[in-house]
>>> print(open('final-v5.pdb').read())   # PDB, C-alpha atoms, pLDDT in the B column
ATOM      1  CA  MET A   1       0.691 -24.137   4.521  1.00 50.00           C
ATOM      2  CA  GLU A   2       3.469 -22.094   6.116  1.00 71.00           C
ATOM      3  CA  PHE A   3       3.186 -19.248   3.602  1.00 77.00           C
ATOM      4  CA  ASN A   4      -0.553 -18.867   4.170  1.00 76.00           C
ATOM      5  CA  TYR A   5       0.014 -18.837   7.931  1.00 76.00           C
ATOM      6  CA  LEU A   6       2.582 -16.042   7.616  1.00 81.00           C
ATOM      7  CA  ALA A   7       0.324 -14.074   5.268  1.00 81.00           C
ATOM      8  CA  ASP A   8      -2.681 -14.394   7.592  1.00 80.00           C
ATOM      9  CA  SER A   9      -0.527 -13.442  10.582  1.00 82.00           C
ATOM     10  CA  ALA A  10       0.696 -10.329   8.774  1.00 83.00           C
ATOM     11  CA  LEU A  11      -2.879  -9.254   7.977  1.00 84.00           C
ATOM     12  CA  SER A  12      -3.957  -9.890  11.556  1.00 83.00           C
ATOM     13  CA  THR A  13      -1.029  -7.840  12.875  1.00 83.00           C
ATOM     14  CA  LEU A  14      -1.931  -4.913  10.623  1.00 83.00           C
ATOM     15  CA  VAL A  15      -5.402  -4.857  12.158  1.00 82.00           C
ATOM     16  CA  GLU A  16      -4.116  -5.171  15.729  1.00 80.00           C
ATOM     17  CA  ASN A  17      -1.643  -2.358  15.235  1.00 77.00           C
ATOM     18  CA  LYS A  18      -4.361   0.004  14.101  1.00 77.00           C
ATOM     19  CA  LYS A  19      -5.739  -0.406  17.638  1.00 77.00           C
ATOM     20  CA  PHE A  20      -2.292   0.544  18.958  1.00 75.00           C
ATOM     21  CA  PHE A  21      -2.146   3.656  16.788  1.00 73.00           C
ATOM     22  CA  LYS A  22      -5.709   4.602  17.734  1.00 76.00           C
ATOM     23  CA  GLU A  23      -4.748   4.492  21.412  1.00 75.00           C
ATOM     24  CA  MET A  24      -1.671   6.611  20.668  1.00 71.00           C
ATOM     25  CA  SER A  25      -3.905   9.046  18.795  1.00 71.00           C
ATOM     26  CA  ASP A  26      -6.315   9.322  21.719  1.00 72.00           C
ATOM     27  CA  PHE A  27      -3.437   9.778  24.172  1.00 68.00           C
ATOM     28  CA  VAL A  28      -1.485  12.408  22.238  1.00 65.00           C
ATOM     29  CA  SER A  29      -4.627  14.333  21.305  1.00 62.00           C
ATOM     30  CA  ASP A  30      -4.790  15.410  24.950  1.00 57.00           C
ATOM     31  CA  PHE A  31      -1.749  17.598  24.201  1.00 58.00           C
ATOM     32  CA  SER A  32      -3.668  19.560  21.538  1.00 57.00           C
ATOM     33  CA  ASP A  33      -1.600  18.291  18.651  1.00 57.00           C
ATOM     34  CA  GLY A  34      -3.776  20.049  16.099  1.00 66.00           C
ATOM     35  CA  GLY A  35      -5.010  16.777  14.664  1.00 67.00           C
ATOM     36  CA  LYS A  36      -1.582  15.634  13.451  1.00 70.00           C
ATOM     37  CA  ILE A  37      -1.758  12.181  15.027  1.00 67.00           C
ATOM     38  CA  LYS A  38      -5.315  11.698  13.780  1.00 70.00           C
ATOM     39  CA  LYS A  39      -4.121  12.509  10.277  1.00 73.00           C
ATOM     40  CA  LEU A  40      -1.272  10.007  10.626  1.00 73.00           C
ATOM     41  CA  LEU A  41      -3.790   7.401  11.787  1.00 73.00           C
ATOM     42  CA  GLU A  42      -5.890   7.977   8.671  1.00 76.00           C
ATOM     43  CA  GLN A  43      -2.809   7.703   6.494  1.00 77.00           C
ATOM     44  CA  SER A  44      -1.739   4.500   8.251  1.00 77.00           C
ATOM     45  CA  VAL A  45      -5.125   2.943   7.470  1.00 80.00           C
ATOM     46  CA  GLU A  46      -4.624   3.732   3.794  1.00 80.00           C
ATOM     47  CA  GLN A  47      -1.141   2.203   3.857  1.00 82.00           C
ATOM     48  CA  SER A  48      -2.421  -0.897   5.631  1.00 84.00           C
ATOM     49  CA  VAL A  49      -4.983  -1.346   2.867  1.00 84.00           C
ATOM     50  CA  GLU A  50      -2.201  -1.058   0.305  1.00 84.00           C
ATOM     51  CA  HIS A  51      -0.112  -3.655   2.162  1.00 85.00           C
ATOM     52  CA  ALA A  52      -3.141  -5.947   2.383  1.00 86.00           C
ATOM     53  CA  VAL A  53      -3.596  -5.805  -1.390  1.00 86.00           C
ATOM     54  CA  ASN A  54      -0.008  -6.983  -1.852  1.00 86.00           C
ATOM     55  CA  VAL A  55      -0.201  -9.698   0.813  1.00 87.00           C
ATOM     56  CA  ILE A  56      -3.476 -11.141  -0.450  1.00 87.00           C
ATOM     57  CA  HIS A  57      -2.215 -10.995  -4.032  1.00 85.00           C
ATOM     58  CA  MET A  58       0.896 -12.981  -3.078  1.00 86.00           C
ATOM     59  CA  LYS A  59      -1.222 -15.416  -1.086  1.00 84.00           C
ATOM     60  CA  ILE A  60      -3.543 -16.158  -4.017  1.00 86.00           C
ATOM     61  CA  LYS A  61      -0.647 -16.469  -6.453  1.00 86.00           C
ATOM     62  CA  HIS A  62       1.123 -18.843  -4.068  1.00 86.00           C
ATOM     63  CA  GLN A  63      -1.988 -21.021  -3.848  1.00 84.00           C
ATOM     64  CA  SER A  64      -2.377 -21.021  -7.638  1.00 86.00           C
ATOM     65  CA  LEU A  65       1.259 -22.005  -8.162  1.00 88.00           C
ATOM     66  CA  ASN A  66       0.957 -24.813  -5.620  1.00 86.00           C
ATOM     67  CA  LYS A  67      -2.178 -26.122  -7.318  1.00 87.00           C
ATOM     68  CA  ALA A  68      -0.544 -25.957 -10.734  1.00 87.00           C
ATOM     69  CA  MET A  69       2.582 -27.667  -9.394  1.00 89.00           C
ATOM     70  CA  ASN A  70       0.585 -30.608  -8.039  1.00 88.00           C
ATOM     71  CA  GLN A  71      -1.385 -30.965 -11.265  1.00 89.00           C
ATOM     72  CA  VAL A  72       1.761 -30.954 -13.394  1.00 89.00           C
ATOM     73  CA  LYS A  73       3.509 -33.364 -11.050  1.00 87.00           C
ATOM     74  CA  ASN A  74       0.625 -35.847 -11.203  1.00 89.00           C
ATOM     75  CA  SER A  75       0.316 -35.674 -14.984  1.00 87.00           C
ATOM     76  CA  SER A  76       4.012 -35.839 -15.922  1.00 87.00           C
ATOM     77  CA  ALA A  77       5.682 -39.167 -16.619  1.00 89.00           C
ATOM     78  CA  THR A  78       9.260 -37.859 -16.876  1.00 91.00           C
ATOM     79  CA  ILE A  79      11.321 -35.009 -15.478  1.00 91.00           C
ATOM     80  CA  GLU A  80      11.663 -33.546 -18.948  1.00 89.00           C
ATOM     81  CA  GLU A  81       7.888 -33.538 -19.415  1.00 90.00           C
ATOM     82  CA  PHE A  82       7.409 -31.991 -15.996  1.00 89.00           C
ATOM     83  CA  GLU A  83       9.857 -29.156 -16.736  1.00 89.00           C
ATOM     84  CA  GLU A  84       8.256 -28.393 -20.085  1.00 89.00           C
ATOM     85  CA  VAL A  85       4.674 -28.387 -18.804  1.00 89.00           C
ATOM     86  CA  TRP A  86       5.566 -26.543 -15.597  1.00 89.00           C
ATOM     87  CA  LYS A  87       7.228 -23.759 -17.557  1.00 88.00           C
ATOM     88  CA  GLU A  88       3.979 -23.150 -19.431  1.00 87.00           C
ATOM     89  CA  ARG A  89       1.668 -23.508 -16.435  1.00 86.00           C
ATOM     90  CA  SER A  90       3.716 -21.283 -14.113  1.00 86.00           C
ATOM     91  CA  LYS A  91       3.935 -18.617 -16.817  1.00 85.00           C
ATOM     92  CA  ALA A  92       0.156 -18.702 -17.190  1.00 86.00           C
ATOM     93  CA  VAL A  93      -0.292 -18.284 -13.438  1.00 83.00           C
ATOM     94  CA  GLU A  94       2.140 -15.349 -13.336  1.00 82.00           C
ATOM     95  CA  GLN A  95       0.305 -13.588 -16.161  1.00 80.00           C
ATOM     96  CA  LYS A  96      -3.167 -14.110 -14.739  1.00 80.00           C
ATOM     97  CA  ARG A  97      -4.685 -10.885 -13.420  1.00 78.00           C
ATOM     98  CA  ILE A  98      -6.043 -10.944  -9.878  1.00 80.00           C
ATOM     99  CA  ASN A  99      -8.523  -8.275  -8.804  1.00 81.00           C
ATOM    100  CA  VAL A 100      -7.880  -8.409  -5.061  1.00 83.00           C
ATOM    101  CA  LYS A 101     -10.290  -5.592  -4.247  1.00 81.00           C
ATOM    102  CA  ASN A 102     -13.270  -7.648  -5.384  1.00 80.00           C
ATOM    103  CA  LEU A 103     -12.456 -10.493  -2.982  1.00 81.00           C
ATOM    104  CA  ASP A 104     -14.340 -11.018   0.273  1.00 79.00           C
ATOM    105  CA  GLU A 105     -11.043 -11.444   2.147  1.00 81.00           C
ATOM    106  CA  PHE A 106      -9.943  -7.948   1.136  1.00 84.00           C
ATOM    107  CA  LYS A 107     -13.332  -6.368   1.871  1.00 83.00           C
ATOM    108  CA  ASN A 108     -13.404  -7.992   5.313  1.00 82.00           C
ATOM    109  CA  PHE A 109      -9.883  -6.722   6.002  1.00 84.00           C
ATOM    110  CA  VAL A 110     -10.889  -3.150   5.132  1.00 84.00           C
ATOM    111  CA  LYS A 111     -13.856  -3.341   7.502  1.00 82.00           C
ATOM    112  CA  ALA A 112     -11.674  -4.778  10.283  1.00 82.00           C
ATOM    113  CA  VAL A 113      -8.912  -2.179   9.953  1.00 81.00           C
ATOM    114  CA  GLU A 114     -11.406   0.707   9.796  1.00 80.00           C
ATOM    115  CA  SER A 115     -13.113  -0.573  12.930  1.00 80.00           C
ATOM    116  CA  ALA A 116      -9.784  -1.004  14.741  1.00 78.00           C
ATOM    117  CA  ALA A 117      -8.829   2.570  13.875  1.00 76.00           C
ATOM    118  CA  GLY A 118     -12.176   3.917  15.037  1.00 73.00           C
ATOM    119  CA  GLN A 119     -13.228   4.728  11.494  1.00 56.00           C
ATOM    120  CA  ALA A 120     -16.194   2.379  11.098  1.00 40.00           C
ATOM    121  CA  GLY A 121     -18.172   3.463   8.077  1.00 38.00           C
ATOM    122  CA  ALA A 122     -15.409   5.769   6.849  1.00 42.00           C
ATOM    123  CA  GLU A 123     -14.382   5.626   3.214  1.00 42.00           C
ATOM    124  CA  VAL A 124     -10.937   4.239   2.459  1.00 44.00           C
ATOM    125  CA  ASN A 125      -9.419   4.962  -0.939  1.00 40.00           C
ATOM    126  CA  ASP A 126      -9.451   1.990  -3.310  1.00 37.00           C
ATOM    127  CA  GLN A 127      -5.806   2.601  -3.987  1.00 35.00           C
ATOM    128  CA  ALA A 128      -3.577   3.772  -1.123  1.00 34.00           C
ATOM    129  CA  ASN A 129      -1.950   7.043  -2.071  1.00 32.00           C
ATOM    130  CA  GLY A 130       1.549   6.036  -0.987  1.00 32.00           C
ATOM    131  CA  THR A 131       1.875   8.724   1.700  1.00 30.00           C
ATOM    132  CA  ALA A 132       5.310   8.626   3.333  1.00 30.00           C
ATOM    133  CA  TYR A 133       4.997   7.416   6.880  1.00 29.00           C
ATOM    134  CA  ASP A 134       7.150   5.757   9.538  1.00 33.00           C
ATOM    135  CA  GLU A 135       5.766   2.262  10.011  1.00 33.00           C
ATOM    136  CA  ASP A 136       8.179   1.419  12.837  1.00 33.00           C
ATOM    137  CA  LEU A 137       5.478   2.827  15.113  1.00 33.00           C
ATOM    138  CA  ILE A 138       3.037   0.317  13.707  1.00 35.00           C
ATOM    139  CA  MET A 139       5.146  -2.823  13.515  1.00 43.00           C
ATOM    140  CA  GLU A 140       8.669  -4.073  13.882  1.00 42.00           C
ATOM    141  CA  ASP A 141      10.261  -6.320  11.282  1.00 41.00           C
ATOM    142  CA  SER A 142      13.040  -8.552  12.531  1.00 39.00           C
ATOM    143  CA  GLY A 143      14.046 -10.734   9.627  1.00 39.00           C
ATOM    144  CA  SER A 144      10.784 -12.394   8.612  1.00 39.00           C
ATOM    145  CA  GLU A 145       9.125 -11.713  11.963  1.00 48.00           C
ATOM    146  CA  VAL A 146       6.319  -9.230  12.341  1.00 52.00           C
ATOM    147  CA  PHE A 147       4.921  -8.579  15.798  1.00 64.00           C
ATOM    148  CA  SER A 148       2.385  -6.313  17.443  1.00 73.00           C
ATOM    149  CA  PHE A 149       2.956  -3.696  20.135  1.00 78.00           C
ATOM    150  CA  TYR A 150      -0.507  -4.629  21.384  1.00 80.00           C
ATOM    151  CA  ASP A 151      -1.052  -7.299  24.050  1.00 85.00           C
ATOM    152  CA  PRO A 152      -3.254 -10.130  22.664  1.00 84.00           C
ATOM    153  CA  TRP A 153      -5.207 -10.512  25.940  1.00 85.00           C
ATOM    154  CA  SER A 154      -5.755  -7.000  27.278  1.00 84.00           C
ATOM    155  CA  LYS A 155      -5.580  -5.274  23.850  1.00 77.00           C
ATOM    156  CA  ALA A 156      -3.593  -2.537  25.610  1.00 81.00           C
ATOM    157  CA  LEU A 157      -0.146  -1.230  24.743  1.00 82.00           C
ATOM    158  CA  ILE A 158       2.556  -3.602  25.942  1.00 87.00           C
ATOM    159  CA  LYS A 159       4.547  -2.104  28.806  1.00 87.00           C
ATOM    160  CA  ASN A 160       6.543  -5.116  30.030  1.00 91.00           C
ATOM    161  CA  PRO A 161       7.114  -7.386  27.005  1.00 92.00           C
ATOM    162  CA  MET A 162       7.598 -11.098  27.583  1.00 94.00           C
ATOM    163  CA  ARG A 163       8.536 -13.326  24.654  1.00 93.00           C
ATOM    164  CA  ASN A 164       7.207 -16.872  24.409  1.00 93.00           C
ATOM    165  CA  LYS A 165      10.297 -18.940  23.539  1.00 93.00           C
ATOM    166  CA  MET A 166       8.117 -21.650  22.006  1.00 91.00           C
ATOM    167  CA  CYS A 167       6.611 -19.459  19.281  1.00 88.00           C
ATOM    168  CA  GLY A 168       8.227 -16.013  19.560  1.00 88.00           C
ATOM    169  CA  HIS A 169       5.030 -14.068  20.238  1.00 90.00           C
ATOM    170  CA  ILE A 170       5.061 -11.129  22.641  1.00 92.00           C
ATOM    171  CA  TYR A 171       2.728 -10.565  25.615  1.00 93.00           C
ATOM    172  CA  ASP A 172       2.549  -8.047  28.433  1.00 93.00           C
ATOM    173  CA  ARG A 173       3.822  -9.544  31.683  1.00 93.00           C
ATOM    174  CA  ASP A 174       0.908  -8.121  33.659  1.00 93.00           C
ATOM    175  CA  SER A 175      -1.513  -9.960  31.374  1.00 91.00           C
ATOM    176  CA  VAL A 176       0.115 -13.328  30.823  1.00 94.00           C
ATOM    177  CA  MET A 177       1.479 -14.111  34.296  1.00 93.00           C
ATOM    178  CA  PRO A 178      -1.821 -13.938  36.227  1.00 92.00           C
ATOM    179  CA  ILE A 179      -3.546 -15.973  33.521  1.00 91.00           C
ATOM    180  CA  ILE A 180      -1.079 -18.871  33.445  1.00 91.00           C
ATOM    181  CA  MET A 181      -0.670 -18.887  37.232  1.00 88.00           C
ATOM    182  CA  ASP A 182      -4.423 -19.094  37.855  1.00 81.00           C
ATOM    183  CA  ARG A 183      -5.218 -21.623  35.153  1.00 79.00           C
ATOM    184  CA  ILE A 184      -3.516 -24.499  33.364  1.00 79.00           C
ATOM    185  CA  GLY A 185      -3.890 -25.382  29.738  1.00 85.00           C
ATOM    186  CA  ILE A 186      -3.440 -21.866  28.336  1.00 90.00           C
ATOM    187  CA  ARG A 187      -2.049 -21.685  24.807  1.00 90.00           C
ATOM    188  CA  CYS A 188      -0.723 -18.719  22.845  1.00 89.00           C
ATOM    189  CA  PRO A 189      -3.725 -16.494  22.026  1.00 86.00           C
ATOM    190  CA  VAL A 190      -2.229 -14.943  18.868  1.00 81.00           C
ATOM    191  CA  LEU A 191      -4.431 -15.670  15.887  1.00 70.00           C
ATOM    192  CA  GLY A 192      -2.957 -18.379  13.672  1.00 66.00           C
ATOM    193  CA  CYS A 193      -0.177 -19.409  16.097  1.00 75.00           C
ATOM    194  CA  ALA A 194       0.947 -22.965  15.353  1.00 79.00           C
ATOM    195  CA  ASN A 195       2.407 -23.494  18.833  1.00 84.00           C
ATOM    196  CA  LEU A 196       0.239 -26.047  20.652  1.00 85.00           C
ATOM    197  CA  CYS A 197       2.247 -26.108  23.899  1.00 90.00           C
ATOM    198  CA  TYR A 198       0.571 -24.837  27.041  1.00 92.00           C
ATOM    199  CA  ILE A 199       2.318 -21.689  28.270  1.00 94.00           C
ATOM    200  CA  GLN A 200       4.599 -22.291  31.248  1.00 93.00           C
ATOM    201  CA  PRO A 201       6.444 -19.619  33.257  1.00 93.00           C
ATOM    202  CA  ASP A 202       9.806 -20.925  32.032  1.00 94.00           C
ATOM    203  CA  HIS A 203       8.662 -20.438  28.439  1.00 94.00           C
ATOM    204  CA  LEU A 204       8.618 -16.671  28.968  1.00 96.00           C
ATOM    205  CA  VAL A 205      11.597 -14.349  28.858  1.00 95.00           C
ATOM    206  CA  GLN A 206      11.722 -10.592  29.227  1.00 93.00           C
ATOM    207  CA  ASP A 207      12.476  -8.921  25.904  1.00 91.00           C
ATOM    208  CA  ALA A 208      14.407  -5.741  26.578  1.00 90.00           C
ATOM    209  CA  ASN A 209      14.874  -5.085  22.870  1.00 88.00           C
ATOM    210  CA  VAL A 210      11.127  -4.953  22.217  1.00 86.00           C
ATOM    211  CA  GLN A 211      10.592  -2.790  25.299  1.00 85.00           C
ATOM    212  CA  GLN A 212      13.184  -0.314  24.049  1.00 84.00           C
ATOM    213  CA  LYS A 213      11.525  -0.145  20.625  1.00 81.00           C
ATOM    214  CA  ILE A 214       8.091   0.460  22.136  1.00 79.00           C
ATOM    215  CA  GLN A 215       9.382   3.213  24.403  1.00 78.00           C
ATOM    216  CA  GLN A 216      11.294   4.790  21.532  1.00 77.00           C
ATOM    217  CA  SER A 217       8.235   4.736  19.274  1.00 72.00           C
ATOM    218  CA  MET A 218       6.075   6.410  21.908  1.00 70.00           C
ATOM    219  CA  SER A 219       8.777   8.994  22.635  1.00 70.00           C
ATOM    220  CA  ASN A 220       9.167   9.792  18.932  1.00 66.00           C
ATOM    221  CA  ALA A 221       5.427  10.313  18.557  1.00 59.00           C
ATOM    222  CA  ILE A 222       5.319  12.757  21.463  1.00 56.00           C
ATOM    223  CA  VAL A 223       8.452  14.582  20.280  1.00 53.00           C
ATOM    224  CA  ASP A 224       6.978  14.965  16.790  1.00 51.00           C
ATOM    225  CA  VAL A 225       3.782  16.435  18.179  1.00 47.00           C
ATOM    226  CA  THR A 226       5.701  18.821  20.466  1.00 48.00           C
ATOM    227  CA  ALA A 227       7.892  19.980  17.583  1.00 50.00           C
ATOM    228  CA  SER A 228       4.812  20.550  15.447  1.00 49.00           C
ATOM    229  CA  GLU A 229       3.231  22.724  18.140  1.00 48.00           C
ATOM    230  CA  GLU A 230       6.437  24.761  18.481  1.00 51.00           C
ATOM    231  CA  ASP A 231       6.550  25.336  14.709  1.00 51.00           C
ATOM    232  CA  GLU A 232       2.976  26.617  14.745  1.00 49.00           C
ATOM    233  CA  GLU A 233       3.671  29.140  17.546  1.00 53.00           C
TER     234      GLU A 233
END
>>> encode(input="final-v5.pdb", output="structure tokens")
Amino acid sequence: MEFNYLADSALSTLVENKKFFKEMSDFVSDFSDGGKIKKLLEQSVEQSVEHAVNVIHMKIKHQSLNKAMNQVKNSSATIEEFEEVWKERSKAVEQKRINVKNLDEFKNFVKAVESAAGQAGAEVNDQANGTAYDEDLIMEDSGSEVFSFYDPWSKALIKNPMRNKMCGHIYDRDSVMPIIMDRIGIRCPVLGCANLCYIQPDHLVQDANVQQKIQQSMSNAIVDVTASEEDEE
């Protein structure tokens, strides 16, 4: 289902972007930032866990509503009967409590995001503490689109973003071009992508907007660290 695909893609992007932030943390730490970026990384992990709770909760509720809808549709002889039964069933689904944190999907997400952030074995709070934090560095939201600043092949920060016109996913030019030129039959590597077309050079366009956002995010991170060091002096 389309909703499940979007939900899974959002969870996957949260994990990928922890890798991006970890690389930023390692890079900026060379400037003796006093551990500020590391602290932001830890806070971003907590926020990602909080987002995951909401996404998985919506995903389960969506599945339950779909199941209830099909059951009511198959058992109703008239529109009036359908409306009456559906009102009761949908209300029951909405009121049902879902303990997301006991689900394997949530537990696996926590392990994945901790590993991506270089915090394997670290304890993440059961409930994110809501720390204020600029997520533009982690992801960009354009309408309903969420994309990673991390190249799906090299796992490195994207420097020269190329957008696949067939599915909208972003790759680094230095990664995708050699791959599709050397081999045929290469599909989009982004987890959960529904695009089955083999990538062709004319499918790819340079995305100056994404490149500007990436550069701005990196610049902001460095400026913040520099300002912090000046305040401490």
>>> atom_distance(input="final-v5.pdb", atom1="atom CA of Met69 of chain A", atom2="atom CA of His51 of chain A")
26.8 Å
>>> atom_distance(input="final-v5.pdb", atom1="atom CA of Pro161 of chain A", atom2="atom CA of Ala117 of chain A")
22.9 Å
>>> resolve_selection(input="final-v5.pdb", expression="the PyMOL selection byres ((chain A and resi 105-111) around 8)", output="short mmCIF file (atom, residue, chain, number, x, y, z; two decimals) with C-alpha atoms, keeping the file's coordinate frame")
data_model
loop_
_atom_site.label_atom_id
_atom_site.label_comp_id
_atom_site.auth_asym_id
_atom_site.auth_seq_id
_atom_site.Cartn_x
_atom_site.Cartn_y
_atom_site.Cartn_z
CA LEU A 11 -2.88 -9.25 7.98
CA VAL A 15 -5.40 -4.86 12.16
CA VAL A 49 -4.98 -1.35 2.87
CA ALA A 52 -3.14 -5.95 2.38
CA VAL A 53 -3.60 -5.80 -1.39
CA ILE A 56 -3.48 -11.14 -0.45
CA VAL A 100 -7.88 -8.41 -5.06
CA LYS A 101 -10.29 -5.59 -4.25
CA ASN A 102 -13.27 -7.65 -5.38
CA LEU A 103 -12.46 -10.49 -2.98
CA ASP A 104 -14.34 -11.02 0.27
CA ALA A 112 -11.67 -4.78 10.28
CA VAL A 113 -8.91 -2.18 9.95
CA GLU A 114 -11.41 0.71 9.80
CA SER A 115 -13.11 -0.57 12.93
CA ALA A 120 -16.19 2.38 11.10
CA VAL A 124 -10.94 4.24 2.46
#
>>> atom_distance(input="final-v5.pdb", atom1="atom CA of Ile158 of chain A", atom2="atom CA of Asp172 of chain A")
5.1 Å
>>> closest_residue(input="final-v5.pdb", among="A:Val72, A:Lys96, A:Pro178, A:Cys188", to="Glu84 of chain A", atoms="all atoms listed in the file")
A:Val72
